[in-house]
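In what follows, a structure is listed as structure tokens, so that the remarks can point back to it.
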Amino acid sequence: MNVELFLFFLFALMAVGGALSLILQRHPIHSALSLIVVMVALAALYLLQGAEFIAAVQIIVYAGAIMVLFVFVIMLLNAGEEERTAASRMARVVGVPVGIFLTALLAWGISGGASSQAATEAVVKPYDTKQLAVLLFREYVFPFELTSILILIAILGAVVLAKRES
Amino acid sequence: MVPASYYLVLSAILFGLGVVGFVFKRNIITIFMSIELMLNAVNLAFVSFSRELGSLDGQVFVFFVIVVAAAEAAVGLAIILLIARNRQSLNVENVDLLKL
Amino acid sequence: MTFLEQHPVLVISVIKVAVLVFLLMTGIAYLTWFERKAVAHMQSRWGPYRAGPHGLLQPLADGLKFLFKEDFTPDGVDRFVYFLAPFLALSLSLVTIAVIPFGPQAIVLLGQQTPLAISDVNIGLLFILAITSLSVYGVALGGWASNNKYSLLGGLRSSAQMVSYEISMTLSVVGVLLVAGTFSLREIVEAQGGYFLGFLPRWNIFSAQFPQVLGFLIFLTAAFAETNRVPFDLAEAETELVAGFHTEYASFKFAMFFMAEYASMVTVSFVTSILFFGGWHSPFPPNQVTPYLPTFLLGALGLYVIYDGLRYETIFGRVVLPVLGLAITALGVLCAWPGVNAFVQAPFWLLAKVFCFLFLYIWVRGTLPRFRYDQLMGFGWKVMLPLALLNVVLTAAAMLGRGR
């Protein structure tokens, strides 16, 4: 059991625990905090795989801006705890087996093509932020510019939608 | 080195939990957060595949997924604010009719 | 071999963390003393004078006060979040010190060579930006969890301010990134060694590609806003909104918010001196005299403390102050020893620059009035963000021009 495997299990447990807490907590703010825990655990897993820039972007953008937006909205709307209705209880009873089945199917499906034994560190290219930037600005420059327009549209949409009618 | 299939199984588990949360929770904001959880699970799968295949394209895709999630979160939360203002409730069972 | 012997890196890291946290907490405690003294002298009064000679035991008295005050929990709060918010604020402020490099040399601990930093990651700058993004939560959750309208408003205002100025801060750092070409803080500092024309230090603020003056000014202003200090401290000032987001926090948790603010001040000063002012590089070209500057300064301070202590009012002061002065002078003489002198140069210059920035923070606090909230937000979005973008564009254009 080397250090990398131990760290993987630690952060994987943290991520799964956070996700379970997300769906089991009653108050939305606790769910939001659990989701932040999941995102930080995932950032650590990205670091473990060598994707340093993506880990930093995950924390700066996802956990540090998008989730702040969620927390603001929860605070502004004063969201309270969820009520338990008959419909939600039944959904819980019926759906948990379905959820487990779906997860198992997915897990079997997407890990079928990947290696399942610890591969030797034969040819592991060192991931460099500079290489990522070159890729982003040469091959993927068109989607990159499109996403900037997308963000502009999202800003306009959010401002127009949330404006109070005076 | 941790084999890639471990990461992919973790990604599948997180995605499954996100689907379960999306289907079962009654609060609109929590449903939206389950969608973000699903997107994060997909990001993990992308990064794992990028490492497995030795190509940086997976990380570029993760970058785009994060950006699109940011845009979607902004607009989605604005819509949620409007729904909360109009229906005075955040329970998704109250938003199941087109007419108020 | 036990597990610890097999992984000496773990033990070394724990030792380094313990030493640095202890030094940082003591530094924060005495920073509060220094701030009260400095602001008081700017206002023509003395500041703490009674708790120990020259008020030097005032932080101890404050600490005891915080420990002994009643630690109540208001009714109707969300317990978990109420307890989480100050912990989050303090731990995030402290954790940034983990990537700060204190010197170029490697020291030997437990038989292993380690760099003079807790961890030498090659994305140090991104790590600091990430922690700055996360520190919004301490404030927002603290304001919300207090079950109090004013706290909630203060918390929301403060976190909106932090999010707005975070963008300008990140963009102003991009200029440095372009010039240095690396995220690693150690390499950024090492690229600032050397001197132009033999006497002007090659710091990033005088950079050969494009002087990062605008970047520095934007970074400093954004850092004032991020740490909720004057002139941007609307959300927590005593005369506004009761006390903002930490109204409902009692003794120890309030102390944690308080320490978190000073810790983030210290962290931002470190980051500014590393990014823009050359980190541990001396402003003087190598010569015979300036390596003895630590000796000279410490010796002068020690002798002055002895002189002042011998004429102090109380007997306690007449005993303690000369002893303290003697200790400081001895430390100064120790720094003149050849081996110690070479070792102490790098941390001394870094700490000197940090001290200058902390004094600037305190000086601004004693001098400027505070912004109104709409002025603050307008300034952040309409002035700082375009200027930061302009800085990035100009730096990139200058680098492209020189590259040809």
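Here, A, B, ... name the chains of the structure tokens in the order displayed, residue numbers run from 1 inside each chain, and ligands are numbered from 1 in the same displayed order.
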inquiry  = For a quick test of understanding: name the residues of chain B lying within 8 Å of chain A when counting only C-alpha atoms, and present them as a PyMOL selection string.
reply    = chain B and resi 1-6+8-21+24-27+29-30+33-34+37+40+44+47-48+51-52+54+56-57+59-60+62-64+66-68+70-75+77-79+81-82+84+90-91
If you run DSSP on this backbone, which residues of segment 102-262 of chain C come out as helix (DSSP H, G or I), and could you give them as a compact mmCIF listing (two decimals) with C-alpha atoms, in the first residue's frame?
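Wrote selection_9.txt, looks like this:
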# COMPACT_ATOMS: atom_id res chain seq x y z
CA GLY C 124 2.54 27.98 -5.63
CA LEU C 125 0.91 31.05 -7.16
CA LEU C 126 -2.21 29.15 -8.21
CA PHE C 127 -2.42 27.66 -4.73
CA ILE C 128 -2.45 31.11 -3.16
CA LEU C 129 -5.14 32.30 -5.59
CA ALA C 130 -7.22 29.21 -4.82
CA ILE C 131 -7.02 29.78 -1.08
CA THR C 132 -7.98 33.42 -1.60
CA SER C 133 -11.07 32.26 -3.50
CA LEU C 134 -12.05 29.91 -0.71
CA VAL C 136 -14.96 34.12 0.92
CA TYR C 137 -16.75 31.27 2.67
CA GLY C 138 -15.54 32.13 6.15
CA VAL C 139 -17.15 35.54 5.91
CA ALA C 140 -20.33 34.52 4.07
CA LEU C 141 -21.09 31.53 6.30
CA GLY C 142 -20.22 33.50 9.44
CA GLY C 143 -22.68 36.19 8.52
CA TRP C 144 -25.44 33.74 7.65
CA ALA C 145 -25.07 31.40 10.59
CA LYS C 149 -30.27 40.38 9.92
CA TYR C 150 -27.34 42.73 10.37
CA SER C 151 -24.80 39.94 10.35
CA LEU C 152 -26.33 38.50 7.23
CA LEU C 153 -26.23 41.84 5.44
CA GLY C 154 -22.69 42.48 6.57
CA GLY C 155 -21.60 39.01 5.53
CA LEU C 156 -23.23 39.28 2.11
CA ARG C 157 -21.75 42.72 1.48
CA SER C 158 -18.33 41.64 2.57
CA SER C 159 -18.33 38.49 0.47
CA ALA C 160 -19.61 40.34 -2.60
CA GLN C 161 -16.76 42.80 -2.12
CA MET C 162 -14.23 40.00 -1.80
CA VAL C 163 -15.47 38.25 -4.92
CA SER C 164 -15.35 41.46 -6.95
CA TYR C 165 -11.81 42.41 -5.98
CA GLU C 166 -10.56 38.86 -6.35
CA ILE C 167 -10.84 39.19 -10.12
CA SER C 168 -8.61 42.28 -10.26
CA MET C 169 -6.16 40.60 -7.90
CA THR C 170 -5.89 37.52 -10.10
CA LEU C 171 -5.46 39.58 -13.25
CA SER C 172 -2.78 41.79 -11.71
CA VAL C 173 -0.82 38.68 -10.83
CA VAL C 174 -1.02 37.51 -14.46
CA GLY C 175 1.40 40.29 -15.38
CA VAL C 176 4.00 38.84 -13.03
CA LEU C 177 3.26 35.41 -14.42
CA LEU C 178 3.94 36.57 -17.96
CA VAL C 179 7.22 38.15 -16.94
CA ALA C 180 8.43 35.22 -14.87
CA LEU C 185 7.09 31.13 -6.16
CA ARG C 186 10.69 30.05 -5.67
CA GLU C 187 11.44 30.41 -9.37
CA ILE C 188 9.70 33.78 -9.51
CA VAL C 189 11.99 35.02 -6.75
CA GLU C 190 15.08 33.49 -8.31
CA ASN C 204 9.54 42.64 -10.91
CA ILE C 205 8.44 46.15 -10.21
CA PHE C 206 11.40 47.41 -12.26
CA VAL C 213 4.09 49.16 -11.26
CA LEU C 214 0.43 49.14 -12.29
CA GLY C 215 0.19 45.49 -11.40
CA PHE C 216 1.64 46.16 -7.98
CA LEU C 217 -0.76 49.03 -7.26
CA ILE C 218 -3.77 47.02 -8.37
CA PHE C 219 -2.64 44.01 -6.37
CA LEU C 220 -2.12 46.07 -3.24
CA THR C 221 -5.51 47.78 -3.51
CA ALA C 222 -7.27 44.50 -4.23
CA ALA C 223 -5.47 42.92 -1.29
CA PHE C 224 -6.73 45.67 1.01
CA ALA C 225 -10.23 44.83 -0.18
CA GLU C 226 -9.73 41.08 0.12
CA GLY C 244 -20.83 43.22 10.56
CA PHE C 245 -20.56 39.52 10.12
CA HIS C 246 -18.87 38.82 13.42
CA SER C 251 -14.85 35.25 22.84
CA PHE C 252 -12.85 32.54 21.21
CA LYS C 253 -14.60 32.46 17.86
CA PHE C 254 -14.30 36.23 17.55
CA ALA C 255 -10.62 35.88 18.37
CA MET C 256 -10.36 33.40 15.51
CA PHE C 257 -11.91 35.87 13.06
CA PHE C 258 -9.62 38.56 14.40
CA MET C 259 -6.53 36.38 14.02
CA ALA C 260 -7.69 35.33 10.56
CA GLU C 261 -7.74 38.95 9.46
CA TYR C 262 -4.21 39.63 10.69
task = Would you mind listing what lies within 12 Å of Phe277 of chain C as an MDAnalysis selection string, with only C-alpha atoms counted and same-chain residues fewer than 4 positions away left out?
result = chainID C and resid 176 188:193 200:207 211:213 215:216 269:273 281:283 349:354 356:357
Any chance you can output those residues with C-alpha atoms as a CSV table (one decimal), in the first residue's frame?
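Output file selection.csv follows:
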chain,number,residue,atom,x,y,z
C,176,VAL,CA,4.0,38.8,-13.0
C,188,ILE,CA,9.7,33.8,-9.5
C,189,VAL,CA,12.0,35.0,-6.8
C,190,GLU,CA,15.1,33.5,-8.3
C,191,ALA,CA,14.3,35.2,-11.6
C,192,GLN,CA,14.5,38.5,-9.8
C,193,GLY,CA,18.1,38.2,-8.7
C,200,LEU,CA,19.2,48.8,-9.5
C,201,PRO,CA,17.7,45.5,-8.3
C,202,ARG,CA,16.1,43.4,-10.9
C,203,TRP,CA,12.8,43.2,-9.1
C,204,ASN,CA,9.5,42.6,-10.9
C,205,ILE,CA,8.4,46.2,-10.2
C,206,PHE,CA,11.4,47.4,-12.3
C,207,SER,CA,11.2,44.5,-14.6
C,211,PRO,CA,7.7,47.4,-15.1
C,212,GLN,CA,4.9,45.9,-13.1
C,213,VAL,CA,4.1,49.2,-11.3
C,215,GLY,CA,0.2,45.5,-11.4
C,216,PHE,CA,1.6,46.2,-8.0
C,269,SER,CA,2.5,41.1,2.6
C,270,PHE,CA,4.6,38.0,2.0
C,271,VAL,CA,3.0,37.4,-1.4
C,272,THR,CA,3.5,41.1,-2.4
C,273,SER,CA,7.1,41.1,-1.5
C,281,HIS,CA,17.0,39.5,-2.6
C,282,SER,CA,18.7,42.5,-1.1
C,283,PRO,CA,18.2,45.9,-2.7
C,349,TRP,CA,15.4,40.9,3.7
C,350,LEU,CA,12.2,39.0,3.1
C,351,LEU,CA,11.0,39.9,6.7
C,352,ALA,CA,12.1,43.5,6.3
C,353,LYS,CA,10.0,43.9,3.2
C,354,VAL,CA,7.0,42.2,4.9
C,356,CYS,CA,7.4,47.5,5.5
C,357,PHE,CA,4.1,46.3,3.9
With a cut-off of 7 Å and counting only C-alpha atoms, select all residues of chain A in contact with chain C and give the selection as a JSON list (two decimals) with C-alpha atoms, in the first residue's frame.
[["chain", "number", "residue", "atom", "x", "y", "z"],
["A", 56, "ALA", "CA", -6.37, 24.92, -9.35],
["A", 59, "ILE", "CA", -10.96, 25.30, -6.80],
["A", 60, "ILE", "CA", -10.74, 28.87, -8.06],
["A", 64, "GLY", "CA", -14.57, 29.47, -5.15],
["A", 75, "MET", "CA", -28.95, 32.82, 1.82]]
request  = Determine the nearest neighbour of Gly194 of chain C from the options C:Ala208, C:Phe379, C:Ser264, C:Glu70, counting only C-alpha atoms.
outcome  = C:Ala208
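Once Pro115 of chain C and its same-chain neighbours fewer than 5 positions away are set aside, Pro101, Phe102, Gly103, Pro104, Gln105, Ala106, Ile107, Val108, Leu109, Asp120 and Arg186 of chain C remain within 10 Å of it when counting only C-alpha atoms.
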Selected residues written out with C-alpha atoms, as a PDB file, in the first residue's frame:
ATOM      1  CA  PRO C 101       9.801  30.262   0.253  1.00  0.00           C
ATOM      2  CA  PHE C 102      11.957  31.926   2.875  1.00  0.00           C
ATOM      3  CA  GLY C 103      15.351  31.552   1.313  1.00  0.00           C
ATOM      4  CA  PRO C 104      17.291  29.949  -1.511  1.00  0.00           C
ATOM      5  CA  GLN C 105      19.449  27.732   0.637  1.00  0.00           C
ATOM      6  CA  ALA C 106      18.492  24.239   1.678  1.00  0.00           C
ATOM      7  CA  ILE C 107      18.700  23.431   5.366  1.00  0.00           C
ATOM      8  CA  VAL C 108      19.480  20.083   6.876  1.00  0.00           C
ATOM      9  CA  LEU C 109      16.882  18.632   9.245  1.00  0.00           C
ATOM     10  CA  ASP C 120       7.998  23.771  -2.655  1.00  0.00           C
ATOM     11  CA  ARG C 186      10.691  30.048  -5.670  1.00  0.00           C
TER      12      ARG C 186
END
ask   = What separation in Å, quoted to one decimal, exists between atom CA of Ala342 of chain C and atom CA of Leu360 of chain C?
value = 28.5 Å
inquiry  = Quick check, in Å to one decimal: how far apart do atom CA of Ala45 of chain B and atom CA of Ile28 of chain B lie?
reply    =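 If I compute the distance from atom CA of Ala45 of chain B to atom CA of Ile28 of chain B, I get 26.3 Å.
Atom CA of Leu67 of chain C is found 10.3 Å from atom CA of Ala250 of chain C.
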For segment 304-314 of chain C: contacts at 10 Å, only C-alpha atoms, fewer than 2 positions along chain excluded, given as a VMD selection string = chain C and resid 50 52 to 54 298 to 302 316 to 329
